[in-house]
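Below is one structure, written out as C-alpha cells; the observations come after it.
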Amino acid sequence: MEILGLSLGQLMALLGAAISVVLAGMGSAKGVSLAGQTSAGVSTENPEVNSKLMVLQILPGTQGIYGFLIGVIILVNTGALAGDMKAVELLQGISYIVAALPVGIVGYFSAAQQGKVAAAGMLLVGQHPDMSGKAIVMTVMVETYAVLALLASFLMVNAIVL
C-alpha cells in the first residue's frame, strides 16, 4: 500500500523524524518562553544581570536541537534528504518511531521543567548576582536526562538497518 508514492514503512520513518522534532521543539519553546518571561521581569528590576540571565534562557532550547538532530539523522539514514528515499519496511518504519520517542518525549518534558528551574535561577540571580554559577548548575542538571534520551535515540536510530 502506498500513500503519496511512499510505502507505509517510509511514512512511519518520516513520522518518527517528525515526532522527535515536534515534541522536543514544543518543550523547548515552552521552556524558553517561561525563562524569557522571567528574564524580562528580573531585568526590569536589576538590568545589570541581563547577560547572566541569557545563559539560563538558552538552556531549555537545547532539547529542541536534540530532537532536530535525531530527525535529521532519520532523514539521512532513509535517504529522504538526498531526494531518493530508500525502501523502508513497515517494521523498520515503526522502529524509527520507537527510536524517536526517547528524545521526543523526554525532550518535551525536560525542556519544560528546565524552563521552570531556569526561571527560579533567574530570580536567584536577580537577588544575588554572584550565585549565577549555581543557578546554571541547577538548570543543567535537568539537561542530563535530555542528553541520556538523545543518546538512547541516537543508538536506536543507528541500529536500524535498511
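Just remember, in the C-alpha cells the first chain shown is A, the second B, etc., residues are 1-based per chain, and ligands are 1-based in the order shown.
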
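Considering only chain A, backbone DSSP assigns strand (DSSP E or B) to Glu2, Ile3, Leu6 and Ser7 of chain A.
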
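For A:Ile160, the list of residues within 12 Å, based on only C-alpha atoms and with local chain neighbours fewer than 4 positions off taken out, reads A:Ala13, A:Ile73, A:Ile74, A:Asn77, A:Thr78, A:Val88, A:Glu89, A:Leu91, A:Gln92, A:Gly93, A:Ile94, A:Ser95, A:Tyr96, A:Ile97, A:Val98, A:Ala99, A:Ala100, A:Ser153, A:Phe154, A:Leu155, A:Met156.
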
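Distance annotation: of A:Ile70, A:Leu6, A:Ala152, A:Leu34, the residue with the minimal separation from A:Ala111 is A:Leu34; atom set is only C-alpha atoms.
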
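The nearest approach to A:Glu2 among the residues A:Ala40, A:Leu90, A:Leu59, A:Val125, with only C-alpha atoms taken into account, belongs to A:Leu90.
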
Fewer than 2 positions away in the same chain doesn't count, so skip those; otherwise give me all residues within 12 Å of A:Gln63, counting only C-alpha atoms, as a PyMOL selection string. chain A and resi 20-32+58-61+65-70+102-115+140+142-150

Just-selected residues, N, CA and C atoms written as a CSV table (one decimal), in the first residue's frame:
chain,number,residue,atom,x,y,z
A,20,SER,N,10.3,13.4,16.8
A,20,SER,CA,11.5,13.8,17.5
A,20,SER,C,11.6,15.4,17.4
A,21,VAL,N,11.3,15.9,16.3
A,21,VAL,CA,11.5,17.4,16.1
A,21,VAL,C,10.3,18.1,16.8
A,22,VAL,N,9.1,17.7,16.6
A,22,VAL,CA,8.0,18.4,17.1
A,22,VAL,C,7.9,18.4,18.6
A,23,LEU,N,8.0,17.2,19.2
A,23,LEU,CA,7.8,17.1,20.6
A,23,LEU,C,8.9,17.8,21.4
A,24,ALA,N,10.2,17.6,21.0
A,24,ALA,CA,11.3,18.2,21.6
A,24,ALA,C,11.2,19.7,21.4
A,25,GLY,N,10.9,20.1,20.2
A,25,GLY,CA,10.7,21.6,19.9
A,25,GLY,C,9.6,22.2,20.7
A,26,MET,N,8.5,21.6,20.9
A,26,MET,CA,7.4,22.1,21.7
A,26,MET,C,7.9,22.3,23.1
A,27,GLY,N,8.6,21.4,23.7
A,27,GLY,CA,9.1,21.5,25.0
A,27,GLY,C,10.1,22.6,25.2
A,28,SER,N,11.0,22.8,24.2
A,28,SER,CA,11.9,23.9,24.2
A,28,SER,C,11.3,25.2,24.1
A,29,ALA,N,10.3,25.3,23.2
A,29,ALA,CA,9.6,26.6,23.1
A,29,ALA,C,8.9,27.0,24.4
A,30,LYS,N,8.3,26.0,25.1
A,30,LYS,CA,7.7,26.2,26.3
A,30,LYS,C,8.7,26.6,27.4
A,31,GLY,N,9.8,25.9,27.5
A,31,GLY,CA,10.8,26.3,28.5
A,31,GLY,C,11.5,27.6,28.3
A,32,VAL,N,11.8,27.9,27.0
A,32,VAL,CA,12.5,29.1,26.7
A,32,VAL,C,11.5,30.3,26.9
A,58,ILE,N,18.7,30.3,27.4
A,58,ILE,CA,19.1,29.5,26.3
A,58,ILE,C,19.0,28.0,26.6
A,59,LEU,N,19.3,27.6,27.8
A,59,LEU,CA,19.5,26.2,28.1
A,59,LEU,C,18.2,25.3,27.8
A,60,PRO,N,17.0,25.7,28.1
A,60,PRO,CA,15.9,24.9,27.7
A,60,PRO,C,15.7,24.7,26.2
A,61,GLY,N,16.4,25.5,25.4
A,61,GLY,CA,16.3,25.3,24.0
A,61,GLY,C,17.1,24.2,23.4
A,65,ILE,N,17.1,21.2,19.9
A,65,ILE,CA,18.2,20.9,19.0
A,65,ILE,C,18.4,19.4,19.0
A,66,TYR,N,18.3,18.7,20.1
A,66,TYR,CA,18.5,17.3,20.2
A,66,TYR,C,17.4,16.6,19.3
A,67,GLY,N,16.2,17.0,19.4
A,67,GLY,CA,15.1,16.4,18.6
A,67,GLY,C,15.4,16.6,17.1
A,68,PHE,N,15.8,17.8,16.8
A,68,PHE,CA,16.1,18.2,15.4
A,68,PHE,C,17.2,17.3,14.9
A,69,LEU,N,18.2,17.1,15.7
A,69,LEU,CA,19.4,16.2,15.3
A,69,LEU,C,18.9,14.8,15.0
A,70,ILE,N,18.1,14.2,15.8
A,70,ILE,CA,17.6,12.9,15.6
A,70,ILE,C,16.7,12.8,14.3
A,102,PRO,N,12.3,8.5,22.8
A,102,PRO,CA,13.0,9.0,23.9
A,102,PRO,C,13.3,10.5,23.8
A,103,VAL,N,13.9,10.9,22.7
A,103,VAL,CA,14.3,12.3,22.6
A,103,VAL,C,13.1,13.2,22.5
A,104,GLY,N,12.0,12.7,21.8
A,104,GLY,CA,10.8,13.5,21.7
A,104,GLY,C,10.1,13.7,23.0
A,105,ILE,N,9.8,12.6,23.7
A,105,ILE,CA,9.1,12.7,25.0
A,105,ILE,C,9.9,13.3,26.1
A,106,VAL,N,11.1,12.7,26.3
A,106,VAL,CA,12.0,13.3,27.4
A,106,VAL,C,12.3,14.7,27.1
A,107,GLY,N,12.6,15.0,25.8
A,107,GLY,CA,12.9,16.4,25.4
A,107,GLY,C,11.8,17.3,25.7
A,108,TYR,N,10.5,16.9,25.5
A,108,TYR,CA,9.4,17.8,25.8
A,108,TYR,C,9.3,18.1,27.2
A,109,PHE,N,9.3,17.0,28.1
A,109,PHE,CA,9.2,17.2,29.5
A,109,PHE,C,10.4,17.9,30.2
A,110,SER,N,11.6,17.5,29.8
A,110,SER,CA,12.7,18.1,30.4
A,110,SER,C,12.9,19.5,30.0
A,111,ALA,N,12.6,19.9,28.8
A,111,ALA,CA,12.7,21.3,28.4
A,111,ALA,C,11.8,22.2,29.2
A,112,ALA,N,10.5,21.7,29.3
A,112,ALA,CA,9.5,22.4,30.1
A,112,ALA,C,9.9,22.6,31.5
A,113,GLN,N,10.4,21.5,32.1
A,113,GLN,CA,10.9,21.6,33.5
A,113,GLN,C,12.1,22.4,33.7
A,114,GLN,N,13.0,22.3,32.7
A,114,GLN,CA,14.2,23.1,32.7
A,114,GLN,C,13.9,24.6,32.7
A,115,GLY,N,12.9,24.9,31.9
A,115,GLY,CA,12.5,26.3,31.9
A,115,GLY,C,12.1,26.8,33.3
A,140,VAL,N,21.3,23.0,34.5
A,140,VAL,CA,22.0,22.0,33.7
A,140,VAL,C,21.7,20.6,34.2
A,142,VAL,N,18.9,19.3,34.9
A,142,VAL,CA,17.8,18.8,34.2
A,142,VAL,C,18.2,18.3,32.8
A,143,GLU,N,19.1,18.9,32.3
A,143,GLU,CA,19.6,18.6,30.9
A,143,GLU,C,20.2,17.2,30.8
A,144,THR,N,20.7,16.7,31.9
A,144,THR,CA,21.3,15.3,32.0
A,144,THR,C,20.3,14.3,31.4
A,145,TYR,N,19.1,14.4,31.7
A,145,TYR,CA,18.1,13.4,31.2
A,145,TYR,C,17.8,13.6,29.7
A,146,ALA,N,17.8,14.8,29.3
A,146,ALA,CA,17.7,15.0,27.8
A,146,ALA,C,18.9,14.4,27.1
A,147,VAL,N,20.1,14.6,27.6
A,147,VAL,CA,21.2,14.0,26.9
A,147,VAL,C,21.2,12.5,26.9
A,148,LEU,N,20.7,11.9,28.0
A,148,LEU,CA,20.6,10.4,28.0
A,148,LEU,C,19.6,10.0,27.0
A,149,ALA,N,18.5,10.7,26.9
A,149,ALA,CA,17.4,10.4,25.9
A,149,ALA,C,18.0,10.5,24.5
A,150,LEU,N,18.7,11.6,24.2
A,150,LEU,CA,19.4,11.8,22.9
A,150,LEU,C,20.3,10.6,22.6

Can you list, as a PDB file with C-alpha atoms, in the first residue's frame, every residue of stretch 31-154 of chain A that DSSP puts in alpha helix (DSSP H)?
ATOM      1  CA  GLY A  31      10.805  26.260  28.499  1.00  0.00           C
ATOM      2  CA  VAL A  32      12.494  29.131  26.676  1.00  0.00           C
ATOM      3  CA  SER A  33       9.262  31.115  26.785  1.00  0.00           C
ATOM      4  CA  LEU A  34       8.888  30.761  30.539  1.00  0.00           C
ATOM      5  CA  ALA A  35      12.537  31.619  31.089  1.00  0.00           C
ATOM      6  CA  GLY A  36      12.249  34.619  28.766  1.00  0.00           C
ATOM      7  CA  GLN A  37       9.254  35.985  30.612  1.00  0.00           C
ATOM      8  CA  THR A  38      11.079  35.657  33.916  1.00  0.00           C
ATOM      9  CA  SER A  39      14.214  37.199  32.438  1.00  0.00           C
ATOM     10  CA  ALA A  40      12.246  40.237  31.303  1.00  0.00           C
ATOM     11  CA  GLY A  41      10.831  40.729  34.780  1.00  0.00           C
ATOM     12  CA  VAL A  42      14.140  40.262  36.572  1.00  0.00           C
ATOM     13  CA  SER A  43      15.959  42.534  34.097  1.00  0.00           C
ATOM     14  CA  THR A  44      13.421  45.270  34.752  1.00  0.00           C
ATOM     15  CA  GLU A  45      14.312  45.205  38.438  1.00  0.00           C
ATOM     16  CA  ASN A  50      20.773  40.621  31.991  1.00  0.00           C
ATOM     17  CA  SER A  51      23.817  38.924  30.429  1.00  0.00           C
ATOM     18  CA  LYS A  52      23.851  36.287  33.192  1.00  0.00           C
ATOM     19  CA  LEU A  53      20.180  35.570  32.539  1.00  0.00           C
ATOM     20  CA  MET A  54      20.740  34.915  28.830  1.00  0.00           C
ATOM     21  CA  VAL A  55      22.606  31.669  29.521  1.00  0.00           C
ATOM     22  CA  LEU A  56      19.734  30.459  31.671  1.00  0.00           C
ATOM     23  CA  GLN A  57      17.205  31.306  28.978  1.00  0.00           C
ATOM     24  CA  ILE A  58      19.130  29.465  26.269  1.00  0.00           C
ATOM     25  CA  THR A  62      18.863  22.534  23.656  1.00  0.00           C
ATOM     26  CA  GLN A  63      16.257  19.776  23.755  1.00  0.00           C
ATOM     27  CA  GLY A  64      14.759  21.164  20.549  1.00  0.00           C
ATOM     28  CA  ILE A  65      18.207  20.903  18.985  1.00  0.00           C
ATOM     29  CA  TYR A  66      18.488  17.277  20.155  1.00  0.00           C
ATOM     30  CA  GLY A  67      15.128  16.415  18.605  1.00  0.00           C
ATOM     31  CA  PHE A  68      16.092  18.161  15.379  1.00  0.00           C
ATOM     32  CA  LEU A  69      19.371  16.213  15.283  1.00  0.00           C
ATOM     33  CA  ILE A  70      17.614  12.856  15.577  1.00  0.00           C
ATOM     34  CA  GLY A  71      15.079  13.914  12.946  1.00  0.00           C
ATOM     35  CA  VAL A  72      17.881  14.806  10.534  1.00  0.00           C
ATOM     36  CA  ILE A  73      19.689  11.518  11.204  1.00  0.00           C
ATOM     37  CA  ILE A  74      16.494   9.614  10.386  1.00  0.00           C
ATOM     38  CA  LEU A  75      16.117  11.600   7.156  1.00  0.00           C
ATOM     39  CA  VAL A  76      19.758  10.973   6.243  1.00  0.00           C
ATOM     40  CA  ASN A  77      19.575   7.250   7.054  1.00  0.00           C
ATOM     41  CA  THR A  78      16.466   6.803   4.902  1.00  0.00           C
ATOM     42  CA  LEU A  90       6.884  -1.394   7.834  1.00  0.00           C
ATOM     43  CA  LEU A  91       8.699  -2.805  10.892  1.00  0.00           C
ATOM     44  CA  GLN A  92      11.730  -0.642  10.124  1.00  0.00           C
ATOM     45  CA  GLY A  93       9.484   2.413   9.896  1.00  0.00           C
ATOM     46  CA  ILE A  94       7.876   1.550  13.223  1.00  0.00           C
ATOM     47  CA  SER A  95      11.389   1.119  14.643  1.00  0.00           C
ATOM     48  CA  TYR A  96      12.157   4.714  13.650  1.00  0.00           C
ATOM     49  CA  ILE A  97       9.074   5.881  15.542  1.00  0.00           C
ATOM     50  CA  VAL A  98      10.138   3.922  18.630  1.00  0.00           C
ATOM     51  CA  ALA A  99      13.687   5.282  18.334  1.00  0.00           C
ATOM     52  CA  ALA A 100      12.378   8.859  18.167  1.00  0.00           C
ATOM     53  CA  LEU A 101      10.264   8.541  21.305  1.00  0.00           C
ATOM     54  CA  GLY A 107      12.899  16.366  25.391  1.00  0.00           C
ATOM     55  CA  TYR A 108       9.398  17.760  25.754  1.00  0.00           C
ATOM     56  CA  PHE A 109       9.151  17.239  29.499  1.00  0.00           C
ATOM     57  CA  SER A 110      12.745  18.055  30.407  1.00  0.00           C
ATOM     58  CA  ALA A 111      12.745  21.313  28.430  1.00  0.00           C
ATOM     59  CA  ALA A 112       9.524  22.449  30.083  1.00  0.00           C
ATOM     60  CA  GLN A 113      10.862  21.559  33.524  1.00  0.00           C
ATOM     61  CA  GLN A 114      14.242  23.064  32.750  1.00  0.00           C
ATOM     62  CA  GLY A 115      12.480  26.311  31.900  1.00  0.00           C
ATOM     63  CA  LYS A 116      10.988  26.314  35.405  1.00  0.00           C
ATOM     64  CA  VAL A 117      14.371  25.693  37.020  1.00  0.00           C
ATOM     65  CA  ALA A 118      15.940  28.386  34.819  1.00  0.00           C
ATOM     66  CA  ALA A 119      13.202  30.832  35.852  1.00  0.00           C
ATOM     67  CA  ALA A 120      13.844  30.076  39.524  1.00  0.00           C
ATOM     68  CA  GLY A 121      17.572  30.516  38.917  1.00  0.00           C
ATOM     69  CA  MET A 122      16.889  33.895  37.337  1.00  0.00           C
ATOM     70  CA  LEU A 123      15.042  35.017  40.433  1.00  0.00           C
ATOM     71  CA  LEU A 124      18.032  33.877  42.488  1.00  0.00           C
ATOM     72  CA  VAL A 125      20.473  35.766  40.243  1.00  0.00           C
ATOM     73  CA  GLY A 126      18.296  38.878  40.394  1.00  0.00           C
ATOM     74  CA  GLN A 127      18.696  38.954  44.166  1.00  0.00           C
ATOM     75  CA  SER A 132      24.724  32.740  38.719  1.00  0.00           C
ATOM     76  CA  GLY A 133      27.060  29.733  38.543  1.00  0.00           C
ATOM     77  CA  LYS A 134      24.893  27.816  40.988  1.00  0.00           C
ATOM     78  CA  ALA A 135      21.767  28.755  39.062  1.00  0.00           C
ATOM     79  CA  ILE A 136      23.331  27.446  35.857  1.00  0.00           C
ATOM     80  CA  VAL A 137      24.381  24.176  37.518  1.00  0.00           C
ATOM     81  CA  MET A 138      20.847  23.649  38.846  1.00  0.00           C
ATOM     82  CA  THR A 139      19.446  24.228  35.376  1.00  0.00           C
ATOM     83  CA  VAL A 140      21.999  21.986  33.658  1.00  0.00           C
ATOM     84  CA  MET A 141      21.134  19.095  35.985  1.00  0.00           C
ATOM     85  CA  VAL A 142      17.764  18.767  34.240  1.00  0.00           C
ATOM     86  CA  GLU A 143      19.641  18.617  30.931  1.00  0.00           C
ATOM     87  CA  THR A 144      21.266  15.336  31.969  1.00  0.00           C
ATOM     88  CA  TYR A 145      18.120  13.380  31.227  1.00  0.00           C
ATOM     89  CA  ALA A 146      17.667  15.005  27.845  1.00  0.00           C
ATOM     90  CA  VAL A 147      21.242  14.040  26.945  1.00  0.00           C
ATOM     91  CA  LEU A 148      20.588  10.431  28.004  1.00  0.00           C
ATOM     92  CA  ALA A 149      17.430  10.373  25.876  1.00  0.00           C
ATOM     93  CA  LEU A 150      19.383  11.818  22.929  1.00  0.00           C
ATOM     94  CA  LEU A 151      21.970   9.065  23.326  1.00  0.00           C
ATOM     95  CA  ALA A 152      19.281   6.364  23.521  1.00  0.00           C
ATOM     96  CA  SER A 153      17.527   7.664  20.396  1.00  0.00           C
ATOM     97  CA  PHE A 154      20.835   8.030  18.556  1.00  0.00           C
TER      98      PHE A 154
END

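Take atom CA of A:Ile19 and atom CA of A:Ala80: the distance between them is 15.8 Å.
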
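Between atom CA of A:Ala17 and atom CA of A:Ile3 lies a distance of 17.5 Å.
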
Pick the closest to A:Met85 from A:Gln10, A:Leu162, A:Leu15, A:Leu4: which is it, counting only C-alpha atoms? A:Gln10
